[in-house]
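Novice: Please read through the structure below; I'll follow up with questions.
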Amino acid sequence: MDELTAQRLAKLEQLRERGMDPYPPRVTRTHTAAEVTAIAGSLPGETGESSADPVDIAGRVVARRDMGKATFIDLQDGSGRIQVLLRQNQLGDDLYDALRLIDLGDFIGIHGAPMRTRTGQPTVGARTWTMLAKALHAPPEKYHGLADMELRQRRRYLDLMANEETRRTFTIRSQVVAAVRRFLDARGFLEVETPILQEAAGGAAARPFITHYNALGEDRFLRISLELHLKRLVIGGLDRVYEIGRNFRNEGMSAKHNPEFTMLESYQAYADYTDVARMAEEMASSVAMEVLGRTSVQFRGHEIDLAPPWRRLTLHDALREYGGIDLDQFDTAEKLRPELEGRGLTIHPGLGWGKLVDEAMSHYVEPNLVQPTILLDYPVELSPLAKRKPGNPKLVERFEAFIGGFECGNAYTELNDPVDQRARFEEQLRLREAGDDEVELVDDDFLFALEHGMPPCGGFGMGIDRFVMLLTGQSTIREVILFPQHKTVKE
């Protein structure tokens, strides 16, 4: 135990000796700091403590200034900060002397009246005070905050305590999720919940986390996607559904990737990917306007405008424009692989043509798509759940939405042909046997459901974390996830 913690423990015992419970079971609180600030701000000029009705406030001690027989304390709650004036002649000698037992980080309650000081500062003139929770450790240093990024993420409670920008980021995140819900609810979508523990990890090409279900004696997978269960609901007759939930992928971590992340997925019967594209751009701009009051955001040195319409560009045209690669000439893996390797790209030997196209697109195209762009028409190998594009069986009706140089949305005209779907799954198995361990796995129950008939359908997925990155100007996904994953450190 360090010396400062020992001192705080000693103060805790002194509180008890005085008959003051350092952790009382309840608190009287009538107003927030913001509400009292508004009341005090409306008072004329300098006022005394008795000029307004008394209030009860509570919060964390974040600053203290001792001035002999008067002490100023700043209290902070979720609404903001308010100054408190504690005077010996108001509190009495014993209660004023007990102020020495208050440390930064403690939570206290104040009963007093709103007032304004000579400088016009909104203040509460205390008539009594109560300890609500004695902190045994000091808060992060006031002026420099908490600067170490990994420490801020591991101990997010300290980050929130010290950094106003962090509190703002996660307030915006919450508002974004609520705004997305309102947008979809207003359009007749039904919010649903689907299983996190699944018998088959389908709906995406990713490695799953595996756990064991003791009661059943069987392994289960943490879901990698929301897709296949939401499609089951469309098959069952729910024409418009969506879910906002966690996905889990047993993959690497980067500025854009966290093993658990939040996705929105929506499915709309009797729609295709062009309908979904319009909805996606309307949703993004609508949410930005609701949360930020504008459709433009600053991100990585760029001003990005989310207002529709967004640029439409086919993947073929994008590779030709940004990479100088004509896929009509490099239309097989045998042709495309040496071309990419000759440009210095490291290519896994087991990748098929579709994955090679994806590698080229990630390297040459994605970083250039800063302004919102709908990238259309992908290789069928990359999209085993999407409907083929009429007139070109090598492509499917799929788009990805790119903003700020990375992908934040994905959509299909959903494949509803059960025979074609089964054949796609079988092809994915062949790719897996050839060495590609990130492929779509067979879900037999989904195939059985699809055989009962699914209406034409447009599906959309959006990474909530990445969208919040854009709206808050954060450069890494960990800064918009309250508790991101880190390697365990033994202390």
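Letters for chains follow the order of the structure tokens (A, B, ...), residue numbers begin at 1 for each chain, and ligand numbers begin at 1 in the order shown.
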Among stretch 215-340 of chain A, which ones does DSSP assign to strand (DSSP E) (computed from the backbone)? Answer as a PyMOL selection string.
Specialist: chain A and resi 218-222+240-248+260-269+296-299+302-305+311-314
Novice: List the neighbours of stretch 223-227 of chain A out to 10 Å using only C-alpha atoms; skip same-chain residues closer than 4 positions along the sequence, and give me the result as an NGL selection string.
Specialist: :A and (193-210 or 231-232 or 242-250 or 259-261 or 263-267 or 385 or 459-461)
Novice: Neighbouring residues of stretch 155-166 of chain A were defined as those with any atom within 12 Å, considering only C-alpha atoms; residues of the same chain fewer than 3 positions away were excluded. Please report them as a ChimeraX atom specification.
Specialist: /A:60-62,76-81,104-105,137-152,169-173,472-474,478-486
Novice: For the residues selected in the previous step, produce a file with C-alpha atoms as a short mmCIF file (atom, residue, chain, number, x, y, z; two decimals), in the first residue's frame.
Specialist:
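Saved file again_34.cif follows:
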```cif
data_model
loop_
_atom_site.label_atom_id
_atom_site.label_comp_id
_atom_site.auth_asym_id
_atom_site.auth_seq_id
_atom_site.Cartn_x
_atom_site.Cartn_y
_atom_site.Cartn_z
CA ARG A 60 -17.24 14.23 -7.20
CA VAL A 61 -14.75 16.68 -5.68
CA VAL A 62 -12.57 17.83 -8.58
CA GLN A 76 -18.78 17.51 -10.86
CA ASP A 77 -21.68 15.29 -11.83
CA GLY A 78 -22.86 13.97 -15.18
CA SER A 79 -24.30 17.35 -16.16
CA GLY A 80 -21.23 19.49 -15.45
CA ARG A 81 -19.43 21.31 -12.66
CA LEU A 104 -10.03 15.03 -4.50
CA GLY A 105 -12.08 12.21 -5.99
CA HIS A 137 -6.97 6.61 -4.73
CA ALA A 138 -6.37 10.06 -6.18
CA PRO A 139 -7.96 10.88 -9.53
CA PRO A 140 -5.74 11.37 -12.61
CA GLU A 141 -3.67 14.54 -12.47
CA LYS A 142 -5.94 17.47 -13.23
CA TYR A 143 -4.03 19.53 -15.76
CA HIS A 144 -2.42 16.82 -17.89
CA GLY A 145 -5.26 14.33 -17.68
CA LEU A 146 -4.55 10.74 -18.65
CA ALA A 147 -2.32 10.73 -21.72
CA ASP A 148 -1.16 7.11 -22.13
CA MET A 149 -3.48 5.60 -24.75
CA GLU A 150 -3.29 1.99 -23.58
CA LEU A 151 -3.79 2.97 -19.93
CA ARG A 152 -6.80 5.09 -20.90
CA THR A 169 -17.09 10.69 -27.68
CA PHE A 170 -19.16 8.15 -25.81
CA THR A 171 -22.08 10.51 -25.42
CA ILE A 172 -22.09 10.87 -29.21
CA ARG A 173 -21.85 7.10 -29.59
CA THR A 472 -16.01 12.03 -33.60
CA GLY A 473 -12.81 12.31 -35.64
CA GLN A 474 -11.13 9.39 -33.86
CA ARG A 478 -10.39 1.49 -29.71
CA GLU A 479 -11.14 5.12 -28.96
CA VAL A 480 -14.85 4.58 -29.61
CA ILE A 481 -15.22 1.26 -27.74
CA LEU A 482 -15.53 1.69 -24.00
CA PHE A 483 -13.57 -1.43 -23.13
CA PRO A 484 -11.52 -2.62 -26.12
CA GLN A 485 -9.52 -5.83 -26.02
CA HIS A 486 -5.91 -5.81 -24.82
#
```
Novice: Can you pull out every residue within 9 Å of A:Leu345, counting only C-alpha atoms, but drop anything in the same chain fewer than 2 positions away, and send it as a list of chain:residue names?
Specialist: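 My reading of the contact set: A:Leu340, A:Glu341, A:Gly342, A:Arg343, A:Ile347, A:Glu359, A:Ala360, A:His363.
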Novice: Any idea what the distance is between atom CA of A:Ala33 and atom CA of A:Ala113?
Specialist: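 Spanning atom CA of A:Ala33 to atom CA of A:Ala113 is a straight-line distance of 12.5 Å.
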Novice: Using only C-alpha atoms, determine which residues lie at most 10 Å from A:Leu356, disregarding the query and same-chain residues fewer than 2 positions distant; provide the list as a list in words.
Specialist: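 Residues meeting the cut-off are Thr332, Ala333, Leu336, Arg337, Leu340, Ile347, His348, Gly350, Leu351, Gly352, Trp353, Gly354, Asp358, Glu359, Ala360, Met361, Ser362 and Leu382 of chain A.
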Novice: Based on the selection just made, write C-alpha atoms of those residues as a compact mmCIF listing (two decimals), in the first residue's frame.
Specialist:
```txt
# COMPACT_ATOMS: atom_id res chain seq x y z
CA THR A 332 -8.45 -15.36 -63.68
CA ALA A 333 -6.31 -16.00 -60.62
CA LEU A 336 -4.01 -11.57 -61.65
CA ARG A 337 -1.63 -13.17 -59.14
CA LEU A 340 -0.01 -8.17 -58.13
CA ILE A 347 0.00 -12.75 -51.92
CA HIS A 348 -1.04 -15.94 -50.09
CA GLY A 350 -4.13 -20.28 -51.86
CA LEU A 351 -6.16 -17.21 -52.79
CA GLY A 352 -8.66 -17.45 -55.64
CA TRP A 353 -9.52 -14.73 -58.13
CA GLY A 354 -12.09 -13.05 -55.89
CA ASP A 358 -10.13 -7.92 -52.80
CA GLU A 359 -6.40 -7.61 -52.06
CA ALA A 360 -5.93 -5.26 -55.01
CA MET A 361 -8.96 -3.21 -54.03
CA SER A 362 -7.80 -2.89 -50.39
CA LEU A 382 -16.35 -12.74 -52.15
```
Novice: Using only C-alpha atoms, find each residue in stretch 392-447 of chain A having at least one atom no more than 10 Å away from stretch 295-300 of chain A; report its shortest atom-to-atom pair and that distance in Å (one decimal), rows by chain then rising number, as a Markdown table.
Specialist:
```
| residue | atom | partner | partner_atom | distance |
| --- | --- | --- | --- | --- |
| A:Ile403 | CA | A:Phe299 | CA | 9.6 |
| A:Gly404 | CA | A:Phe299 | CA | 6.7 |
| A:Gly405 | CA | A:Arg300 | CA | 9.5 |
```
Novice: For A:Arg29, find every residue with an atom within 7 Å (counting only C-alpha atoms), except residues of its own chain fewer than 4 positions away, and show them as number ranges by chain.
Specialist: A: 56-58
Novice: Counting only C-alpha atoms, which of A:Val489, A:Leu313, A:Val176, A:Ala271 gets nearest to A:Tyr412?
Specialist: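 Once distances to A:Tyr412 are computed over only C-alpha atoms, the minimum belongs to A:Ala271.
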Novice: Can you list every residue in stretch 268-354 of chain A that DSSP puts in alpha helix (DSSP H), as a PyMOL selection string?
Specialist: chain A and resi 273-292+315-323+333-342+353-354
Novice: Of the candidates A:Thr5, A:Thr314, A:Thr32, A:Ser475, which shows the shortest atom-to-atom distance to A:His257, using only C-alpha atoms?
Specialist: A:Ser475
Novice: Here is a test: counting only C-alpha atoms, which residue of A:Leu95, A:Met131, A:Val84, A:Ala52 is nearest to A:Thr28?
Specialist: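 Among the listed residues, A:Met131 lies closest to A:Thr28.
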Novice: Return the single residue from A:Asp445, A:Glu397, A:Asp331, A:Glu13 that is closest to A:Asn410, with distances computed using only C-alpha atoms.
Specialist: A:Glu397
